[in-house]
Amino acid sequence: MELLTVLVSVRPSYVLVRLAGEADMTVCGRLREALVLAVRAGARDLVVDVPGLRFIDVSCLRVLVRVCGMVGESGGTLGLVAPQPVVVRMMQLCGADRLIAVHGSVAEAAARRAPPDPGSFLVTG
């Protein structure tokens, strides 16, 4: 059984990253690889959909903050969608809630995104 599922899909106006399961130091590298690959492929705006994410530790939260900075340098954004209370609490404890916008829905998060190149890919490990 996989600890974390990461699905990356390029949409007309943003890149959608769906995370499900548990994000801890054992999957931190795979999460970083998927997000950095999306950014290097030209994604300006990332929408990270996380209602299925049951847990996140500081190492994976750090990955989200760093990728948020990467997209921010090019004028883009990273938004988190529908995090569970445990994820919100970890963000608050680490101060990430001041750096990463939280949205109630994918549609809300995607409302002001710029279009990337079309395509999709799945990262497994």
# chains A, B, ... in the order shown; residues from 1 in each chain; ligands from 1

call {"tool": "residues_around", "arguments": {"residues": "Val106 of chain A", "least_positions_apart": "5", "cutoff": "10 Å", "atoms": "only C-alpha atoms", "output": "VMD selection string"}}
result
chain A and resid 16 47 to 50 79 to 82 111

call {"tool": "select_by_dssp", "arguments": {"residues": "chain A", "states": "strand (DSSP E or B)", "output": "PyMOL selection string"}}
result
chain A and resi 4-10+15-23+46-56+78-81+101-103+119-123

call {"tool": "write_last_selection", "arguments": {"atoms": "C-alpha atoms", "output": "JSON list (two decimals), in the first residue's frame"}}
result
[["chain", "number", "residue", "atom", "x", "y", "z"],
["A", 4, "LEU", "CA", 1.08, 8.90, -0.50],
["A", 5, "THR", "CA", -0.62, 9.14, -3.88],
["A", 6, "VAL", "CA", 0.40, 12.07, -6.08],
["A", 7, "LEU", "CA", -1.52, 12.77, -9.29],
["A", 8, "VAL", "CA", -0.50, 15.73, -11.46],
["A", 9, "SER", "CA", -2.83, 17.00, -14.20],
["A", 10, "VAL", "CA", -2.31, 20.00, -16.44],
["A", 15, "VAL", "CA", -1.72, 22.56, -12.84],
["A", 16, "LEU", "CA", -3.74, 20.44, -10.43],
["A", 17, "VAL", "CA", -1.85, 18.26, -7.95],
["A", 18, "ARG", "CA", -3.97, 15.81, -5.95],
["A", 19, "LEU", "CA", -2.46, 14.39, -2.78],
["A", 20, "ALA", "CA", -4.02, 11.54, -0.81],
["A", 21, "GLY", "CA", -2.79, 9.46, 2.10],
["A", 22, "GLU", "CA", 0.02, 10.50, 4.43],
["A", 23, "ALA", "CA", 2.91, 12.83, 3.62],
["A", 46, "LEU", "CA", -0.28, 25.11, -8.83],
["A", 47, "VAL", "CA", -3.52, 24.05, -7.17],
["A", 48, "VAL", "CA", -2.81, 21.35, -4.59],
["A", 49, "ASP", "CA", -6.01, 19.45, -3.76],
["A", 50, "VAL", "CA", -5.64, 17.76, -0.38],
["A", 51, "PRO", "CA", -8.98, 16.65, 1.13],
["A", 52, "GLY", "CA", -7.64, 13.08, 1.02],
["A", 53, "LEU", "CA", -4.40, 13.99, 2.82],
["A", 54, "ARG", "CA", -4.71, 12.56, 6.33],
["A", 55, "PHE", "CA", -1.34, 13.76, 7.65],
["A", 56, "ILE", "CA", 1.58, 15.98, 6.69],
["A", 78, "LEU", "CA", 0.47, 27.75, -5.06],
["A", 79, "GLY", "CA", -2.88, 27.23, -3.37],
["A", 80, "LEU", "CA", -4.00, 24.42, -1.08],
["A", 81, "VAL", "CA", -7.56, 23.12, -1.40],
["A", 101, "ALA", "CA", -3.30, 30.33, 0.47],
["A", 102, "VAL", "CA", -6.03, 27.88, 1.50],
["A", 103, "HIS", "CA", -9.18, 27.55, -0.62],
["A", 119, "GLY", "CA", -0.80, 17.40, -20.68],
["A", 120, "SER", "CA", -0.90, 15.10, -17.65],
["A", 121, "PHE", "CA", 1.36, 12.71, -15.82],
["A", 122, "LEU", "CA", 1.20, 10.40, -12.80],
["A", 123, "VAL", "CA", 4.10, 10.07, -10.37]]

call {"tool": "atom_distance", "arguments": {"atom1": "atom CA of Asp97 of chain A", "atom2": "atom CA of Leu37 of chain A"}}
result
23.8 Å

call {"tool": "atom_distance", "arguments": {"atom1": "atom CA of Leu93 of chain A", "atom2": "atom CA of Cys68 of chain A"}}
result
17.7 Å

call {"tool": "select_by_dssp", "arguments": {"residues": "chain A", "states": "alpha helix (DSSP H)", "output": "VMD selection string"}}
result
chain A and resid 28 to 40 58 to 73 85 to 94 106 to 110

call {"tool": "atom_distance", "arguments": {"atom1": "atom CA of Met91 of chain A", "atom2": "atom CA of Ala38 of chain A"}}
result
22.5 Å

call {"tool": "closest_residue", "arguments": {"among": "A:Ala110, A:Cys28, A:Met70, A:Ile100", "to": "Val58 of chain A", "atoms": "only C-alpha atoms"}}
result
A:Cys28

call {"tool": "closest_residue", "arguments": {"among": "A:Met25, A:Leu35, A:Met90, A:Ala43", "to": "Cys60 of chain A", "atoms": "only C-alpha atoms"}}
result
A:Met25

call {"tool": "closest_residue", "arguments": {"among": "A:Gly75, A:Val39, A:Gln84, A:Arg30", "to": "Gly104 of chain A", "atoms": "only C-alpha atoms"}}
result
A:Gln84

call {"tool": "closest_residue", "arguments": {"among": "A:Ser13, A:Thr26, A:Ser74, A:Ser59", "to": "Arg40 of chain A", "atoms": "only C-alpha atoms"}}
result
A:Ser74
